Structures are given as C-alpha cells and as structure tokens.
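For reference, target-v7.txt is printed below; it contains compact mmCIF, C-alpha atoms (C1' of nucleotides).
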```txt
# COMPACT_ATOMS: atom_id res chain seq x y z
CA MET W 227 -151.27 -119.23 63.97
CA GLU W 228 -153.33 -117.21 61.55
CA ARG W 229 -153.13 -117.99 57.88
CA GLY W 230 -154.32 -116.61 54.58
CA THR W 231 -153.51 -115.85 50.98
CA ILE W 232 -152.84 -112.73 48.97
CA PRO W 233 -154.05 -113.21 45.39
CA LEU W 234 -151.36 -112.28 42.89
CA GLU W 235 -153.82 -110.28 40.82
CA THR W 236 -153.79 -107.75 43.65
CA CYS W 237 -150.06 -107.24 43.06
CA PRO W 238 -149.72 -105.17 39.88
CA GLY W 239 -147.17 -106.80 37.63
CA GLY W 240 -147.12 -110.04 39.60
CA LEU W 241 -144.57 -111.47 41.98
CA ASP W 242 -141.51 -113.67 41.82
CA LEU W 243 -140.97 -114.42 45.50
CA ARG W 244 -137.84 -116.43 45.00
CA ALA W 245 -136.13 -113.77 42.89
CA THR W 246 -137.21 -111.11 45.36
CA LEU W 247 -135.87 -112.88 48.43
CA GLU W 248 -132.80 -114.49 46.87
CA SER W 249 -131.36 -111.64 44.85
CA GLY W 250 -129.09 -110.22 47.52
CA GLN W 251 -131.42 -107.44 48.63
CA SER W 252 -132.69 -108.88 51.88
CA TYR W 253 -130.95 -111.11 54.37
CA ARG W 254 -133.89 -111.32 56.73
CA TRP W 255 -135.65 -114.38 55.30
CA ARG W 256 -134.68 -117.94 55.89
CA ARG W 257 -135.59 -120.68 53.47
CA GLU W 258 -136.94 -123.68 55.37
CA ASP W 259 -135.76 -126.37 52.99
CA GLY W 260 -132.21 -125.06 53.41
CA LEU W 261 -131.84 -124.51 49.68
CA LEU W 262 -131.22 -120.79 49.71
CA TYR W 263 -129.66 -119.70 46.42
CA GLU W 264 -129.93 -123.18 44.96
CA GLY W 265 -133.52 -124.30 45.38
CA VAL W 266 -136.50 -124.02 43.12
CA PRO W 267 -139.54 -121.75 43.45
CA GLY W 268 -142.24 -122.80 45.86
CA GLY W 269 -140.41 -123.29 49.15
CA TRP W 270 -141.41 -121.73 52.46
CA TYR W 271 -139.51 -118.76 53.86
CA HIS W 272 -139.81 -117.25 57.31
CA THR W 273 -138.76 -114.13 59.15
CA VAL W 274 -139.33 -112.60 62.57
CA LEU W 275 -140.54 -109.03 62.80
CA ASP W 276 -141.89 -107.04 65.76
CA GLY W 277 -141.99 -110.22 67.83
CA ASN W 278 -144.04 -112.07 65.24
CA LEU W 279 -143.24 -115.02 63.05
CA ILE W 280 -144.18 -114.70 59.38
CA ARG W 281 -144.01 -117.66 56.97
CA VAL W 282 -144.68 -117.33 53.23
CA ARG W 283 -144.57 -119.30 50.04
CA GLN W 284 -145.68 -118.63 46.51
CA THR W 285 -148.23 -120.84 44.81
CA ASP W 286 -149.66 -120.59 41.31
CA ARG W 287 -151.99 -117.72 41.91
CA ALA W 288 -151.25 -116.44 45.38
CA LEU W 289 -148.85 -115.63 48.12
CA GLU W 290 -149.70 -118.02 50.93
CA TRP W 291 -148.86 -117.00 54.50
CA GLU W 292 -148.97 -118.25 58.06
CA SER W 293 -148.19 -116.03 61.02
CA THR W 294 -148.64 -115.24 64.69
CA THR W 295 -150.34 -112.03 63.51
CA ASP W 296 -152.19 -110.69 60.47
CA ALA W 297 -149.31 -110.77 58.01
CA VAL W 298 -151.02 -108.98 55.15
CA PRO W 299 -149.98 -105.42 56.00
CA TYR W 300 -146.46 -106.62 56.81
CA LEU W 301 -146.12 -108.46 53.50
CA ARG W 302 -147.51 -105.62 51.46
CA ARG W 303 -144.91 -103.33 53.00
CA LEU W 304 -141.91 -105.70 53.15
CA LEU W 305 -142.33 -106.92 49.58
CA ARG W 306 -143.68 -103.64 48.17
CA LEU W 307 -146.66 -105.52 46.73
CA ASP W 308 -148.36 -102.29 45.72
CA ASP W 309 -145.59 -101.23 43.36
CA ASP W 310 -146.94 -101.36 39.82
CA LEU W 311 -144.19 -103.25 38.03
CA ASP W 312 -145.68 -102.77 34.59
CA ALA W 313 -145.77 -99.03 35.08
CA ILE W 314 -142.25 -98.99 36.50
CA VAL W 315 -140.86 -101.04 33.62
CA GLY W 316 -142.70 -98.71 31.26
CA THR W 317 -140.84 -95.69 32.58
CA GLY W 318 -137.44 -97.26 31.95
CA PRO W 319 -135.37 -96.73 28.83
CA ASP W 320 -135.83 -99.10 25.94
CA ASP W 321 -132.45 -100.77 25.75
CA PRO W 322 -131.58 -104.42 25.15
CA LEU W 323 -129.93 -105.26 28.48
CA LEU W 324 -132.76 -103.82 30.52
CA CYS W 325 -135.49 -105.39 28.42
CA GLU W 326 -133.81 -108.75 28.72
CA ALA W 327 -133.47 -108.43 32.48
CA TYR W 328 -137.07 -107.33 32.92
CA ALA W 329 -138.35 -110.13 30.71
CA ALA W 330 -136.32 -112.80 32.49
CA HIS W 331 -137.25 -111.87 36.04
CA ARG W 332 -140.61 -110.13 35.86
CA GLY W 333 -142.18 -110.17 39.31
CA LEU W 334 -138.90 -109.38 41.09
CA ARG W 335 -139.67 -106.64 43.58
CA ILE W 336 -137.50 -104.27 45.56
CA VAL W 337 -137.79 -105.11 49.26
CA ASN W 338 -138.52 -102.73 52.08
CA ASP W 339 -136.56 -104.12 55.02
CA PRO W 340 -136.34 -102.88 58.62
CA VAL W 341 -133.66 -100.21 58.50
CA PHE W 342 -131.28 -101.24 61.27
CA ALA W 343 -131.00 -104.83 60.10
CA CYS W 344 -130.56 -103.62 56.54
CA LEU W 345 -127.77 -101.25 57.58
CA ILE W 346 -125.89 -103.99 59.45
CA SER W 347 -126.38 -106.52 56.64
CA PHE W 348 -124.82 -104.26 54.06
CA ILE W 349 -121.95 -103.24 56.34
CA CYS W 350 -121.26 -106.98 56.44
CA SER W 351 -121.57 -107.28 52.67
CA ALA W 352 -118.23 -105.65 51.85
CA GLN W 353 -116.07 -108.02 49.79
CA MET W 354 -118.46 -110.86 50.46
CA ARG W 355 -120.69 -113.28 48.57
CA VAL W 356 -124.41 -113.28 49.05
CA GLY W 357 -124.50 -116.79 50.49
CA ARG W 358 -122.02 -115.90 53.18
CA ILE W 359 -123.63 -112.56 53.95
CA HIS W 360 -126.80 -114.47 54.60
CA GLY W 361 -124.97 -116.91 56.85
CA MET W 362 -123.48 -114.05 58.87
CA GLN W 363 -126.89 -112.45 59.44
CA THR W 364 -128.36 -115.79 60.45
CA THR W 365 -125.57 -116.32 62.96
CA LEU W 366 -126.01 -112.82 64.40
CA ALA W 367 -129.73 -113.46 64.87
CA ASP W 368 -129.26 -116.90 66.39
CA ARG W 369 -126.63 -115.75 68.87
CA PHE W 370 -127.70 -112.26 69.88
CA GLY W 371 -131.33 -111.77 68.80
CA ALA W 372 -134.45 -112.37 70.88
CA SER W 373 -135.83 -115.86 70.55
CA LEU W 374 -139.42 -116.68 69.76
CA ASP W 375 -141.00 -120.10 70.29
CA VAL W 376 -143.82 -121.10 67.97
CA ASP W 377 -145.28 -124.60 67.80
CA GLY W 378 -142.26 -126.13 69.49
CA ARG W 379 -139.72 -124.48 67.22
CA THR W 380 -137.39 -121.63 68.12
CA TYR W 381 -136.91 -118.61 65.85
CA HIS W 382 -134.74 -115.53 66.27
CA ALA W 383 -135.31 -111.87 65.61
CA PHE W 384 -132.50 -109.74 64.23
CA PRO W 385 -130.58 -108.22 67.18
CA THR W 386 -131.50 -104.73 68.33
CA PRO W 387 -128.92 -101.91 68.34
CA ASP W 388 -128.56 -102.41 72.11
CA GLN W 389 -127.93 -106.11 71.72
CA LEU W 390 -125.23 -105.62 69.09
CA ALA W 391 -123.66 -102.68 70.92
CA SER W 392 -123.20 -104.78 74.03
CA THR W 393 -121.57 -107.61 72.10
CA SER W 394 -117.78 -107.70 72.12
CA VAL W 395 -115.77 -107.35 68.93
CA GLU W 396 -114.37 -110.81 69.62
CA GLU W 397 -117.83 -112.34 69.73
CA LEU W 398 -118.66 -110.60 66.46
CA ARG W 399 -115.48 -111.87 64.89
CA ASP W 400 -116.54 -115.34 65.93
CA CYS W 401 -119.48 -114.86 63.57
CA SER W 402 -116.97 -114.67 60.69
CA LEU W 403 -117.39 -110.93 60.31
CA GLY W 404 -113.65 -110.37 59.93
CA TYR W 405 -112.62 -106.72 59.71
CA ARG W 406 -116.31 -105.78 59.62
CA ALA W 407 -116.75 -106.71 63.30
CA PRO W 408 -115.61 -103.36 64.74
CA TYR W 409 -117.68 -101.52 62.10
CA VAL W 410 -120.82 -103.35 63.21
CA LYS W 411 -120.13 -102.71 66.87
CA ARG W 412 -119.40 -99.01 66.45
CA THR W 413 -122.41 -98.44 64.22
CA ALA W 414 -124.64 -100.30 66.71
CA GLU W 415 -123.24 -98.10 69.48
CA MET W 416 -124.02 -94.95 67.52
CA VAL W 417 -127.62 -96.04 67.09
CA ALA W 418 -128.06 -97.45 70.61
CA GLY W 419 -126.51 -94.34 72.15
CA GLY W 420 -128.85 -92.03 70.26
CA GLU W 421 -126.05 -90.35 68.34
CA ALA W 422 -127.78 -91.04 65.02
CA HIS W 423 -130.37 -93.35 63.55
CA PRO W 424 -130.49 -94.48 59.93
CA ALA W 425 -134.24 -93.77 59.83
CA GLU W 426 -133.37 -90.07 60.11
CA ALA W 427 -132.38 -90.20 56.46
CA ARG W 428 -136.04 -90.60 55.55
CA GLY W 429 -137.41 -87.46 53.97
CA LEU W 430 -134.07 -85.93 53.04
CA ASP W 431 -133.42 -85.45 49.35
CA TYR W 432 -131.64 -88.40 47.81
CA GLU W 433 -128.03 -87.23 47.78
CA THR W 434 -128.30 -85.63 51.21
CA ALA W 435 -129.74 -88.87 52.56
CA ARG W 436 -126.86 -90.86 51.06
CA GLU W 437 -124.34 -88.48 52.56
CA PHE W 438 -126.08 -88.73 55.94
CA LEU W 439 -125.83 -92.50 56.04
CA THR W 440 -122.08 -92.47 55.45
CA ARG W 441 -121.62 -91.16 59.00
CA PHE W 442 -122.08 -94.71 60.22
CA VAL W 443 -118.88 -96.69 60.51
CA GLY W 444 -118.42 -99.13 57.67
CA VAL W 445 -120.81 -97.24 55.43
CA GLY W 446 -119.57 -95.67 52.23
CA ASN W 447 -121.56 -94.56 49.21
CA LYS W 448 -122.35 -98.04 47.96
CA VAL W 449 -123.67 -99.37 51.27
CA ALA W 450 -125.59 -96.14 51.82
CA ASP W 451 -127.27 -96.59 48.45
CA CYS W 452 -128.27 -100.14 49.36
CA VAL W 453 -129.93 -98.95 52.56
CA LEU W 454 -131.73 -96.15 50.73
CA LEU W 455 -133.02 -98.54 48.07
CA PHE W 456 -133.81 -101.66 50.07
CA SER W 457 -135.12 -100.07 53.25
CA LEU W 458 -135.97 -96.41 52.89
CA GLY W 459 -137.89 -96.42 49.62
CA TYR W 460 -135.48 -94.33 47.54
CA LEU W 461 -136.24 -96.17 44.30
CA GLU W 462 -133.89 -93.92 42.36
CA ALA W 463 -130.81 -95.14 44.26
CA VAL W 464 -128.37 -97.16 42.15
CA PRO W 465 -125.72 -98.87 44.30
CA LEU W 466 -122.48 -98.91 42.30
CA ASP W 467 -121.15 -102.36 43.09
CA THR W 468 -118.72 -104.35 41.00
CA TRP W 469 -121.49 -105.93 38.92
CA ILE W 470 -123.04 -102.62 37.98
CA ARG W 471 -119.66 -101.06 37.41
CA SER W 472 -118.79 -103.76 34.91
CA ALA W 473 -122.22 -103.37 33.30
CA ILE W 474 -121.53 -99.65 32.97
CA GLU W 475 -118.18 -100.38 31.38
CA GLU W 476 -119.71 -102.75 28.88
CA TYR W 477 -123.14 -101.31 28.15
CA TYR W 478 -123.15 -97.68 29.28
CA PRO W 479 -119.52 -96.49 28.93
CA GLU W 480 -120.64 -92.90 28.51
CA CYS W 481 -121.87 -92.98 32.14
CA ASP W 482 -118.43 -93.82 33.51
CA ARG W 483 -117.21 -90.73 35.38
CA ASP W 484 -114.40 -89.95 37.79
CA SER W 485 -116.31 -90.04 41.04
CA TYR W 486 -119.03 -92.15 42.59
CA ARG W 487 -121.26 -89.14 42.78
CA GLU W 488 -121.00 -88.28 39.10
CA THR W 489 -121.17 -91.84 37.79
CA SER W 490 -124.16 -92.35 40.04
CA ARG W 491 -125.92 -89.33 38.58
CA ALA W 492 -125.18 -90.39 35.02
CA ILE W 493 -126.32 -93.99 35.36
CA ARG W 494 -129.34 -92.93 37.39
CA GLU W 495 -130.49 -90.73 34.54
CA ARG W 496 -129.60 -93.35 31.98
CA LEU W 497 -131.75 -95.92 33.79
CA GLY W 498 -134.80 -93.74 33.94
CA GLY W 499 -134.38 -91.54 37.01
CA GLU W 500 -137.21 -92.08 39.47
CA TYR W 501 -137.12 -95.89 39.31
CA ALA W 502 -133.47 -96.37 38.36
CA GLY W 503 -132.98 -98.59 41.42
CA TYR W 504 -135.52 -101.04 40.05
CA ALA W 505 -133.61 -101.21 36.78
CA GLN W 506 -130.35 -101.71 38.70
CA THR W 507 -131.79 -104.55 40.74
CA TYR W 508 -133.07 -106.39 37.65
CA VAL W 509 -129.78 -105.95 35.83
CA PHE W 510 -127.80 -107.02 38.90
CA HIS W 511 -129.89 -110.14 39.38
CA HIS W 512 -129.80 -110.91 35.68
CA LEU W 513 -126.03 -110.67 35.44
CA ARG W 514 -125.51 -112.69 38.61
CA THR W 515 -127.76 -115.52 37.52
CA ALA W 516 -126.64 -115.57 33.89
CA GLY W 517 -125.53 -119.01 32.86
CA THR W 518 -126.88 -120.79 35.95
CA ALA W 519 -129.79 -122.47 34.19
CA GLU W 520 -132.41 -119.91 34.99
CA ALA W 521 -135.76 -121.11 33.78
CA GLY W 522 -136.95 -117.56 33.48
CA GLU W 523 -140.62 -116.80 33.59
C1' DC F 272 -109.17 -87.77 45.01
C1' DC F 273 -105.83 -91.77 45.44
C1' DG F 274 -103.64 -95.98 47.37
C1' DT F 275 -103.39 -99.57 50.52
C1' DA F 276 -104.56 -102.61 54.35
C1' DC F 277 -108.10 -105.18 56.27
C1' DC F 278 -110.81 -110.58 57.53
C1' DC F 279 -112.49 -114.77 56.13
C1' DT F 280 -113.67 -118.84 53.34
C1' DA F 281 -114.96 -121.66 49.37
C1' DG F 282 -113.20 -122.93 45.18
C1' DT F 283 -109.29 -123.46 42.22
C1' DT F 284 -104.52 -124.15 41.16
C1' DT F 285 -99.87 -125.61 42.33
C1' DA O 100 -103.09 -134.82 49.20
C1' DA O 101 -101.62 -130.61 51.65
C1' DA O 102 -100.53 -125.94 50.67
C1' DA O 103 -100.71 -121.70 48.17
C1' DC O 104 -103.56 -118.71 45.65
C1' DT O 105 -107.70 -116.00 44.31
C1' DA O 106 -111.70 -113.41 44.58
C1' DG O 107 -115.79 -112.04 46.50
C1' DG O 108 -121.91 -106.66 46.01
C1' DG O 109 -116.01 -101.78 49.95
C1' DT O 110 -114.46 -98.82 53.55
C1' DA O 111 -111.21 -96.46 56.78
C1' DC O 112 -107.20 -94.09 57.08
```

Take the structure I supplied and represent it as structure tokens, if you would.
Amino acid sequence: MERGTIPLETCPGGLDLRATLESGQSYRWRREDGLLYEGVPGGWYHTVLDGNLIRVRQTDRALEWESTTDAVPYLRRLLRLDDDLDAIVGTGPDDPLLCEAYAAHRGLRIVNDPVFACLISFICSAQMRVGRIHGMQTTLADRFGASLDVDGRTYHAFPTPDQLASTSVEELRDCSLGYRAPYVKRTAEMVAGGEAHPAEARGLDYETAREFLTRFVGVGNKVADCVLLFSLGYLEAVPLDTWIRSAIEEYYPECDRDSYRETSRAIRERLGGEYAGYAQTYVFHHLRTAGTAEAGE
DNA sequence: CCGTACCCTAGTTT
DNA sequence: AAAACTAGGGTAC
C-alpha cells in the first residue's frame, strides 16, 4: 500500500471530510468504525475505484490517505479539492440562511462521483432516508460488485452496468430496493446495452443535460439534478427535494413557481447562478443537521 | 400538468 | 407487548 498526505492549505477554503462524505451526496464511501451518520470527525473511510482501494481520514492539517495506487489525483477529483470555497461563497447572495449554513459547515465540498454509481444511488434514493440509501448501495456492492482483497480483507467495487443488468429483479428486491428494483434493472440494461450512457450528458447545456438524464427509468428532474451536481460537475444544479422545497416556502417564497423547471430557474438565480448547487448543498446539510448537536467549525 | 400507486423499514402511536 | 400508523431527499403511468 502506498500512503501520503494532502496538506489542507492546498485545498482553497479548507475541507470538512465528514460533512462532505456524510451529507447525502455520495454513497460510495464506507466508514470503518461503522459510525456513519453518527460518528465524530476523524474516522477512516474507504472506497474502491478502478480496481483500487482508497482509504482516507482527516487530521488537523491534512487529508491522510492509504491506497493500492497513488490516490492524490483520485482524491483531488472525487472531493473537488481544487474548488475555491472562499471564492464560491463570495459569489453567493448575502442572506441570513445561506451565511449561517456556510459558516456552520465551511469545508463541505460537492463530490464528483463515478457517474453510473451516482445514477443508481439516486434512483434508489426516492422516498428514502440517507442511512438506508447507504445501506442499499453497500448491499449492492457486496453482492454484485467485483471483490478486491487487500491485506487479508475483502472490499467490493460498485457493480458495473453489466453486473446489475444481469441481476434479477427478485435479487434486487432482496436488497430492500422495493419498487425501485425494476428501475435499477432497466436503467442498468439501457447502459449495458449501449442504448444510452449518463456520461453523454456531459457538455450539454444544463437544462438539456437534465432532460437527457430523465430518459433513464426511475429518473425524474430531481434525480437528474443530483447526478448533474454530484457527478457531472454542473455546480449550478439545484435538486428540488423536500428539504429545499420547504426552505423555498419559508425563506424564498417568491421563487415558488408552478413547475419544477420554473421553480428551479428562480431558486438557481436566487442562490447565485453558477454555484447555486453549492449553496443548495450547504443549506440542505444545515437544515438536516439542525438540532442534532452539531459542533460546527 | 395533475393524481395516485408503488416498496420497505425504523420509529412512534394505539 | 403486538399491531397499526407514519414518513422518508420521487417517479411512472
């Protein structure tokens, strides 16, 4: 195993690894102490990507890693370590809710996950809590993903489109996917069969890209926005989930429109346009963790 | 654009 | 204490 550290001063605006990995953006990291969503900062997380194991934890001044490969380029990309958080926060509007969210969770970064896994995760997210979504993704990886042995321990990659396409709906239901099971299978078949690939959305203008992604079964506007934001680098995407919808009702009522498309446009502009997705993610995380004894930063 | 059915489970109420 | 009830990051039809 190779190992190393990434000094936090090379990550403009800092990093809050726990907030980044436990804010319902990514379901690809497993926390080794088993305290996902209830632990404290400082624990180790691991993921498998391109046949490699990557372990990370945050210390006082650095991101510490251990991997079967040079993890630095992977981490910079997966955790968007080059995003300048101070600059991004600076472009946002100066309103109380946003300032509070930014202040409380500074260092939270948007992730940049592998697109197929991201697509499947958010298909599974419908009407579901983050803890259970994570459990479903873990089960899918353990049962259908390639295994990787490192130092006597076995890890699992997220299943490929082929692997999920050749899994029966019954087997998927056994992973507690419920009515999402056929969605996952059909979407995997579309990708495996070459009918369409979510990566093809890359490069399209934002609304065209969102529309494109809704061709996958189980993908509506909200899930499409999640994939655009958390995997394809569309930092302006604002997924309109129930938390943001209630925030709109309470804090930005003038943005409430009749359709997803129009409300999306209004709140996107209200939250600063280009980086509106960053604002959304901070607000989402802030509202979700409100009242649960957040130490803040 | 609108309404309803859909699956599962932890947590709460009866 | 078992059994009903509720809600949780929506989407397909």

Report summary line: Min atom-atom distance to chain O from the set W:Thr515, W:Arg436, W:Arg491, W:Leu466, counting all atoms listed in the file, belongs to W:Leu466

Counting all atoms listed in the file, what are the residues of chain O within 12 Å of chain W, and for each of them which pair of atoms is the nearest and at what distance in Å, to one decimal? Sort the table by chain and rising number, as CSV.
```
residue,atom,partner,partner_atom,distance
O:DA106,C1',W:Gln353,CA,8.7
O:DG107,C1',W:Met354,CA,4.9
O:DG108,C1',W:Asp467,CA,5.3
O:DG109,C1',W:Ala352,CA,4.8
O:DT110,C1',W:Gly444,CA,5.7
O:DA111,C1',W:Gly444,CA,7.7
```

**Report entry** 10 Å contact set for stretch 252-258 of chain W, all atoms listed in the file, chain neighbours under 4 positions out, as a ChimeraX atom specification
**Finding:** /W:244,246-248,262-263,265,269-275,280-283,304,336-340,343-344,347-348,356-357,359-364,367,383-384,456-457

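Comparing the minimum interatomic distances between W:Arg332 and each of W:Leu513, W:Ala245, W:Val417, W:Val298, counting all atoms listed in the file, we find that W:Ala245 sits nearest.
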
Could you please select, counting all atoms listed in the file, the residues of chain W within 9 Å of chain F and state them as an mmCIF file with C-alpha atoms, in the coordinates of the input?
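Okay, this is what ended up in part_22.cif:
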```
data_model
loop_
_atom_site.group_PDB
_atom_site.id
_atom_site.type_symbol
_atom_site.label_atom_id
_atom_site.label_comp_id
_atom_site.auth_asym_id
_atom_site.auth_seq_id
_atom_site.Cartn_x
_atom_site.Cartn_y
_atom_site.Cartn_z
ATOM 1 C CA ARG W 358 -122.020 -115.900 53.180
ATOM 2 C CA ARG W 399 -115.480 -111.870 64.890
ATOM 3 C CA SER W 402 -116.970 -114.670 60.690
ATOM 4 C CA LEU W 403 -117.390 -110.930 60.310
ATOM 5 C CA GLY W 404 -113.650 -110.370 59.930
ATOM 6 C CA TYR W 405 -112.620 -106.720 59.710
ATOM 7 C CA ARG W 406 -116.310 -105.780 59.620
ATOM 8 C CA SER W 485 -116.310 -90.040 41.040
#
```

Requested in this report: Find the distance between atom CA of W:Gly268 and atom CA of W:Thr231 and write it in Å to one decimal.
Outcome: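 Rounded to one decimal, the two atoms are 14.2 Å apart.
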
Query - Two-atom distance - atom CA of W:Pro319, atom CA of W:Arg496 (Å) - result: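 Rounded to one decimal, the two atoms are 7.4 Å apart.
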
Requested in this report: Give me, please, the distance in Å between atom CA of W:Glu290 and atom CA of W:Gly230, quoted to one decimal.
Outcome: 6.1 Å
